[in-house]
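K.L.:
Provided herewith is a single structure, encoded as structure tokens, for subsequent inquiry.
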Amino acid sequence: SGRQKTLERGGGVESSRGEPPMILPPYEPLEYETVFAADVMFFQSAKAALQKAQTANKGVERANKRHFKHMEQLEIARRGMEEDEDGDRPRGSYDAFESLAISAESVEYQATEAHGPLLQQLALVQILSAISLEAHINIRAETLLKGRFWSAFERLNLDAKWLFLPNILGLPGFEPGAEPFQGFDRLISARNRLVHYKPHKEKYEGFDDPEGFAK
């Protein structure tokens with residue numbers, strides 16, 4: 001008894017009880033559009049990589065402490081081998097020093113290896129952050145710019161896109177010589193060095209981080 005018969009569009013809905021039909025106005029079906037939020041996806045991936053980098057950094061700190069402590073013990077053992085006035089060396093001092101000297105290479109290697117996961121995650125943070133910013137500015141521009149404006153905008157470099165789009169829309173823009181644009185510029189430079197990587201070699205003493213590490 002609760003069933004209804006649907007009439008054609010622009011008509012009405014007639015009850016099975018014979019009641020007068022409810023007249024519905026003509027309408028067009030709704031159309032929906034979806035946008036793949038790539039900028040959000042890359043941003044969340046960058047955040048996840050940053051959290052992993054923070055965890056990996058703790059591993060580096062632990063490895064460096066073990067290395068530092070081992071080198072302290074090695075130095076103590078070395079001084080313990082010094083001969084006395086009669087030219088005698090304390091019994092067993094050389095064996096203690098030799099054991100520590102042999103294991104020092106392994107401890108140093110572990111300290112070096114601990115940097116691997118940290119560097120990997122930091123590289124992902126730089127790359128994914130830059131990709132997120134590029135995806136975001138493209139999504140915004142494609143929505144707001146039409147025709148030749150969009151075609152011309154699409155050919156710009158990433159830094160130029162972030163400089164020009166606010167000005168094109170009459171919005172407050174960025175000052176190239178000030179933050180946050182300077183930080184953005186460093187991010188893009190880091191991304192470019194990673195994506196277009198060229199081998200870089202420098203001396204490493206096994207304890208202090210190499211100069212290029214911070215870069």
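Lettering and numbering for the structure tokens are positional, with chains as A, B, ... in the shown order, residues counted from 1 in each chain, and ligands counted from 1 in the shown order.
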Could you pull out all residues of chain A with a DSSP call of strand (DSSP E) and give them as a VMD selection string?
P.N.:
chain A and resid 4 to 6 12 to 15 22 to 23
K.L.:
Fewer than 6 positions away in the same chain doesn't count, so skip those; otherwise give me all residues within 8 Å of region 110-120 of chain A, counting only C-alpha atoms, as a CSV table (one decimal) with N, CA, C and O atoms, in the first residue's frame.
P.N.:
chain,number,residue,atom,x,y,z
A,52,LYS,N,59.3,10.2,10.4
A,52,LYS,CA,60.2,9.1,10.3
A,52,LYS,C,61.7,9.6,10.4
A,52,LYS,O,62.5,9.0,11.0
A,53,ALA,N,61.9,10.8,9.9
A,53,ALA,CA,63.2,11.4,10.0
A,53,ALA,C,63.6,11.8,11.4
A,53,ALA,O,64.7,11.6,11.8
A,54,GLN,N,62.6,12.2,12.2
A,54,GLN,CA,62.8,12.6,13.6
A,54,GLN,C,63.1,11.3,14.4
A,54,GLN,O,64.0,11.3,15.2
A,56,ALA,N,64.5,8.6,13.0
A,56,ALA,CA,65.8,8.2,12.5
A,56,ALA,C,66.9,9.0,13.1
A,56,ALA,O,68.1,8.5,13.4
A,57,ASN,N,66.7,10.3,13.4
A,57,ASN,CA,67.7,11.2,14.0
A,57,ASN,C,68.0,10.7,15.4
A,57,ASN,O,69.2,10.8,15.8
A,59,GLY,N,68.1,7.6,16.3
A,59,GLY,CA,69.1,6.5,16.0
A,59,GLY,C,70.5,7.0,15.8
A,59,GLY,O,71.5,6.4,16.2
A,60,VAL,N,70.6,8.1,15.0
A,60,VAL,CA,71.9,8.7,14.8
A,60,VAL,C,72.5,9.2,16.1
A,60,VAL,O,73.7,9.0,16.3
A,63,ALA,N,73.8,6.2,18.0
A,63,ALA,CA,75.0,5.7,17.4
A,63,ALA,C,76.2,6.6,17.6
A,63,ALA,O,77.3,6.1,17.9
A,64,ASN,N,76.0,7.9,17.6
A,64,ASN,CA,77.1,8.8,17.8
A,64,ASN,C,77.6,8.7,19.3
A,64,ASN,O,78.8,8.8,19.6
A,67,HIS,N,79.7,5.7,19.6
A,67,HIS,CA,81.0,5.9,19.0
A,67,HIS,C,81.9,6.8,19.9
A,67,HIS,O,83.1,6.5,20.1
A,206,GLY,N,84.7,10.2,10.3
A,206,GLY,CA,84.0,9.1,11.0
A,206,GLY,C,83.3,9.5,12.3
A,206,GLY,O,82.7,8.7,12.9
A,207,PHE,N,83.4,10.8,12.6
A,207,PHE,CA,82.6,11.2,13.8
A,207,PHE,C,81.8,12.5,13.5
A,207,PHE,O,80.6,12.5,13.6
K.L.:
Excluding Leu187 (chain A) and any residue of its chain fewer than 6 positions from it, enumerate the residues within 9 Å of it, using only C-alpha atoms, and give them as an NGL selection string.
P.N.:
:A and (126-127 or 129-130)
K.L.:
Point out the residue among A:Gly177, A:Tyr32, A:Leu128, A:Trp150 with the least atom-to-atom distance to Leu194 (chain A), counting only C-alpha atoms.
P.N.:
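Closest residue, counting only C-alpha atoms: A:Leu128.
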K.L.:
I want to know what sits within 10 Å of Arg66 (chain A), based on only C-alpha atoms, with residues of the same chain fewer than 4 positions away left out; could you give that as a list in words?
P.N.:
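Counting only the stated atoms, we get Val60, Glu61, Arg62, His70, Met71, Glu72, Val107, Glu108, Gln110 and Ala111 of chain A.
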K.L.:
Export, as a short mmCIF file (atom, residue, chain, number, x, y, z; two decimals), in the first residue's frame, the selected residues with all heavy atoms.
P.N.:
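Written output follows (again_8.cif):
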data_model
loop_
_atom_site.label_atom_id
_atom_site.label_comp_id
_atom_site.auth_asym_id
_atom_site.auth_seq_id
_atom_site.Cartn_x
_atom_site.Cartn_y
_atom_site.Cartn_z
N VAL A 60 70.58 8.13 15.05
CA VAL A 60 71.90 8.73 14.77
C VAL A 60 72.53 9.20 16.08
O VAL A 60 73.73 8.99 16.31
CB VAL A 60 71.76 9.90 13.78
CG1 VAL A 60 73.08 10.66 13.66
CG2 VAL A 60 71.32 9.39 12.41
N GLU A 61 71.74 9.85 16.91
CA GLU A 61 72.26 10.34 18.19
C GLU A 61 72.76 9.19 19.06
O GLU A 61 73.82 9.30 19.69
CB GLU A 61 71.18 11.13 18.91
CG GLU A 61 70.81 12.45 18.23
CD GLU A 61 69.66 13.14 18.91
OE1 GLU A 61 69.03 12.52 19.80
OE2 GLU A 61 69.37 14.31 18.55
N ARG A 62 72.01 8.10 19.10
CA ARG A 62 72.44 6.94 19.90
C ARG A 62 73.74 6.34 19.34
O ARG A 62 74.65 6.00 20.10
CB ARG A 62 71.34 5.88 19.93
CG ARG A 62 70.11 6.27 20.75
CD ARG A 62 69.22 5.06 20.97
NE ARG A 62 68.68 4.57 19.70
CZ ARG A 62 67.50 4.95 19.20
NH1 ARG A 62 66.76 5.84 19.86
NH2 ARG A 62 67.06 4.44 18.07
N HIS A 70 83.06 4.84 22.86
CA HIS A 70 84.07 3.85 22.48
C HIS A 70 85.42 4.52 22.25
O HIS A 70 86.46 3.99 22.68
CB HIS A 70 83.63 3.12 21.21
CG HIS A 70 84.49 1.94 20.87
ND1 HIS A 70 84.22 0.67 21.33
CD2 HIS A 70 85.64 1.84 20.14
CE1 HIS A 70 85.14 -0.16 20.90
NE2 HIS A 70 86.02 0.52 20.16
N MET A 71 85.43 5.68 21.62
CA MET A 71 86.69 6.37 21.37
C MET A 71 87.31 6.86 22.68
O MET A 71 88.55 6.90 22.81
CB MET A 71 86.46 7.55 20.42
CG MET A 71 85.96 7.14 19.03
SD MET A 71 87.00 5.91 18.22
CE MET A 71 88.46 6.88 17.89
N GLU A 72 86.48 7.24 23.63
CA GLU A 72 87.00 7.60 24.96
C GLU A 72 87.69 6.41 25.61
O GLU A 72 88.80 6.55 26.17
CB GLU A 72 85.87 8.10 25.85
CG GLU A 72 85.45 9.53 25.61
CD GLU A 72 84.46 10.01 26.64
OE1 GLU A 72 83.66 9.18 27.13
OE2 GLU A 72 84.48 11.20 26.99
N VAL A 107 82.18 0.01 15.23
CA VAL A 107 81.39 1.06 15.87
C VAL A 107 81.28 2.28 14.98
O VAL A 107 80.22 2.91 14.86
CB VAL A 107 81.99 1.43 17.24
CG1 VAL A 107 81.25 2.61 17.86
CG2 VAL A 107 81.96 0.24 18.18
N GLU A 108 82.39 2.62 14.32
CA GLU A 108 82.39 3.76 13.40
C GLU A 108 81.47 3.49 12.21
O GLU A 108 80.74 4.38 11.75
CB GLU A 108 83.81 4.03 12.92
CG GLU A 108 83.91 5.21 11.96
CD GLU A 108 85.35 5.45 11.56
OE1 GLU A 108 86.22 5.47 12.44
OE2 GLU A 108 85.60 5.63 10.34
N GLN A 110 78.82 1.58 12.18
CA GLN A 110 77.44 1.66 12.64
C GLN A 110 76.98 3.11 12.75
O GLN A 110 75.83 3.44 12.44
CB GLN A 110 77.29 0.95 13.98
CG GLN A 110 77.46 -0.56 13.91
CD GLN A 110 77.50 -1.21 15.27
OE1 GLN A 110 77.24 -0.56 16.29
NE2 GLN A 110 77.83 -2.49 15.31
N ALA A 111 77.87 3.99 13.21
CA ALA A 111 77.53 5.41 13.30
C ALA A 111 77.28 5.99 11.92
O ALA A 111 76.39 6.84 11.73
CB ALA A 111 78.64 6.17 14.01
#
K.L.:
Between CA of Glu175 (chain A) and CA of Ala190 (chain A), what is the spacing in Å?
P.N.:
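Value for the CA of Ala190 (chain A)-CA of Glu175 (chain A) distance: 20.1 Å.
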K.L.:
Rounded to one decimal, what separation in Å do you get between CA of Leu156 (chain A) and CA of Ile131 (chain A)?
P.N.:
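Answer for the CA of Leu156 (chain A) to CA of Ile131 (chain A) separation: 14.9 Å.
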K.L.:
If we count only C-alpha atoms and set the cut-off at 9 Å, which residues sit around Phe43 (chain A), ignoring sequence neighbours fewer than 2 positions away in its own chain? Please answer as a VMD selection string.
P.N.:
chain A and resid 38 to 41 45 to 48 125 128 to 133
K.L.:
With only C-alpha atoms as the counted atoms, please give the residues lying no more than 10 Å from Glu154 (chain A), apart from itself and same-chain residues fewer than 6 positions off, as a list in words.
P.N.:
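Here the qualifying residues turn out to be Asn138, Ala141, Glu142, Arg148 and Lys161 of chain A.
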K.L.:
Give the helix (DSSP H, G or I) residues of region 142-191 of chain A, as DSSP finds them on the backbone, and put them as an NGL selection string.
P.N.:
:A and (142-144 or 147-154 or 158-168 or 181-191)
K.L.:
Since we have the selection now, will you write its residues out, keeping N, CA, C and O atoms, as a CSV table (one decimal), in the first residue's frame?
P.N.:
chain,number,residue,atom,x,y,z
A,142,GLU,N,44.3,26.5,-12.2
A,142,GLU,CA,43.4,25.9,-13.2
A,142,GLU,C,41.9,26.2,-12.9
A,142,GLU,O,41.1,26.4,-13.8
A,143,THR,N,41.6,26.4,-11.6
A,143,THR,CA,40.2,26.8,-11.3
A,143,THR,C,39.9,28.2,-11.6
A,143,THR,O,38.8,28.6,-12.0
A,144,LEU,N,40.9,29.1,-11.4
A,144,LEU,CA,40.7,30.5,-11.5
A,144,LEU,C,41.1,31.2,-12.8
A,144,LEU,O,40.5,32.2,-13.2
A,147,GLY,N,41.5,29.8,-20.4
A,147,GLY,CA,42.0,30.1,-21.8
A,147,GLY,C,43.5,30.3,-21.8
A,147,GLY,O,44.3,29.5,-21.2
A,148,ARG,N,44.0,31.3,-22.5
A,148,ARG,CA,45.4,31.6,-22.7
A,148,ARG,C,46.1,32.0,-21.4
A,148,ARG,O,47.3,31.8,-21.2
A,149,PHE,N,45.3,32.5,-20.4
A,149,PHE,CA,45.9,32.8,-19.1
A,149,PHE,C,46.4,31.5,-18.4
A,149,PHE,O,47.5,31.5,-17.9
A,150,TRP,N,45.6,30.5,-18.5
A,150,TRP,CA,46.0,29.2,-17.9
A,150,TRP,C,47.1,28.6,-18.7
A,150,TRP,O,48.1,28.0,-18.1
A,151,SER,N,47.1,28.6,-20.0
A,151,SER,CA,48.1,28.0,-20.8
A,151,SER,C,49.5,28.7,-20.6
A,151,SER,O,50.5,28.0,-20.5
A,152,ALA,N,49.4,30.0,-20.4
A,152,ALA,CA,50.7,30.8,-20.2
A,152,ALA,C,51.2,30.5,-18.8
A,152,ALA,O,52.4,30.3,-18.5
A,153,PHE,N,50.3,30.4,-17.8
A,153,PHE,CA,50.7,30.1,-16.4
A,153,PHE,C,51.3,28.8,-16.3
A,153,PHE,O,52.3,28.6,-15.6
A,154,GLU,N,50.8,27.8,-17.0
A,154,GLU,CA,51.2,26.4,-16.9
A,154,GLU,C,52.7,26.3,-17.3
A,154,GLU,O,53.4,25.3,-16.8
A,158,LEU,N,58.1,27.0,-11.1
A,158,LEU,CA,57.3,26.9,-9.9
A,158,LEU,C,57.4,28.2,-9.0
A,158,LEU,O,56.4,28.7,-8.5
A,159,ASP,N,58.6,28.8,-8.9
A,159,ASP,CA,58.7,30.0,-8.1
A,159,ASP,C,58.0,31.1,-8.8
A,159,ASP,O,57.3,32.0,-8.1
A,160,ALA,N,58.0,31.2,-10.1
A,160,ALA,CA,57.3,32.2,-10.8
A,160,ALA,C,55.8,32.1,-10.6
A,160,ALA,O,55.0,33.1,-10.5
A,161,LYS,N,55.3,30.9,-10.6
A,161,LYS,CA,53.8,30.6,-10.4
A,161,LYS,C,53.4,31.2,-9.0
A,161,LYS,O,52.3,31.9,-9.0
A,162,TRP,N,54.2,31.0,-8.0
A,162,TRP,CA,53.8,31.5,-6.7
A,162,TRP,C,54.0,33.0,-6.6
A,162,TRP,O,53.3,33.6,-5.7
A,163,LEU,N,54.8,33.6,-7.4
A,163,LEU,CA,55.0,35.0,-7.4
A,163,LEU,C,53.9,35.7,-8.2
A,163,LEU,O,53.3,36.7,-7.7
A,164,PHE,N,53.5,35.1,-9.3
A,164,PHE,CA,52.6,35.8,-10.2
A,164,PHE,C,51.1,35.6,-9.9
A,164,PHE,O,50.3,36.5,-10.1
A,165,LEU,N,50.7,34.4,-9.5
A,165,LEU,CA,49.3,34.1,-9.3
A,165,LEU,C,48.6,35.1,-8.4
A,165,LEU,O,47.5,35.6,-8.7
A,166,PRO,N,49.1,35.4,-7.2
A,166,PRO,CA,48.5,36.3,-6.3
A,166,PRO,C,48.3,37.7,-7.0
A,166,PRO,O,47.3,38.4,-6.8
A,167,ASN,N,49.4,38.2,-7.7
A,167,ASN,CA,49.3,39.5,-8.4
A,167,ASN,C,48.3,39.5,-9.5
A,167,ASN,O,47.6,40.5,-9.7
A,168,ILE,N,48.2,38.4,-10.2
A,168,ILE,CA,47.2,38.3,-11.3
A,168,ILE,C,45.8,38.4,-10.7
A,168,ILE,O,44.9,39.0,-11.3
A,181,PHE,N,59.1,33.5,1.3
A,181,PHE,CA,59.5,33.1,0.0
A,181,PHE,C,61.0,32.6,-0.1
A,181,PHE,O,61.3,31.7,-0.9
A,182,GLN,N,61.8,33.2,0.8
A,182,GLN,CA,63.2,32.7,0.8
A,182,GLN,C,63.3,31.3,1.2
A,182,GLN,O,64.1,30.5,0.6
A,183,GLY,N,62.5,30.9,2.2
A,183,GLY,CA,62.5,29.5,2.6
A,183,GLY,C,62.0,28.6,1.5
A,183,GLY,O,62.5,27.5,1.3
A,184,PHE,N,60.9,29.1,0.8
A,184,PHE,CA,60.4,28.4,-0.3
A,184,PHE,C,61.4,28.2,-1.4
A,184,PHE,O,61.6,27.1,-2.0
A,185,ASP,N,62.2,29.2,-1.7
A,185,ASP,CA,63.3,29.2,-2.7
A,185,ASP,C,64.3,28.1,-2.3
A,185,ASP,O,64.8,27.4,-3.2
A,186,ARG,N,64.7,28.1,-1.0
A,186,ARG,CA,65.7,27.1,-0.6
A,186,ARG,C,65.1,25.7,-0.8
A,186,ARG,O,65.8,24.7,-1.1
A,187,LEU,N,63.8,25.5,-0.5
A,187,LEU,CA,63.2,24.2,-0.7
A,187,LEU,C,63.3,23.7,-2.1
A,187,LEU,O,63.6,22.6,-2.4
A,188,ILE,N,62.9,24.6,-3.0
A,188,ILE,CA,63.0,24.3,-4.5
A,188,ILE,C,64.4,24.0,-4.9
A,188,ILE,O,64.6,23.0,-5.7
A,189,SER,N,65.4,24.7,-4.4
A,189,SER,CA,66.8,24.4,-4.7
A,189,SER,C,67.2,23.0,-4.2
A,189,SER,O,67.9,22.3,-4.9
A,190,ALA,N,66.8,22.7,-3.0
A,190,ALA,CA,67.1,21.4,-2.4
A,190,ALA,C,66.4,20.3,-3.3
A,190,ALA,O,67.0,19.2,-3.6
A,191,ARG,N,65.1,20.5,-3.6
A,191,ARG,CA,64.4,19.5,-4.5
A,191,ARG,C,65.2,19.3,-5.8
A,191,ARG,O,65.4,18.2,-6.2
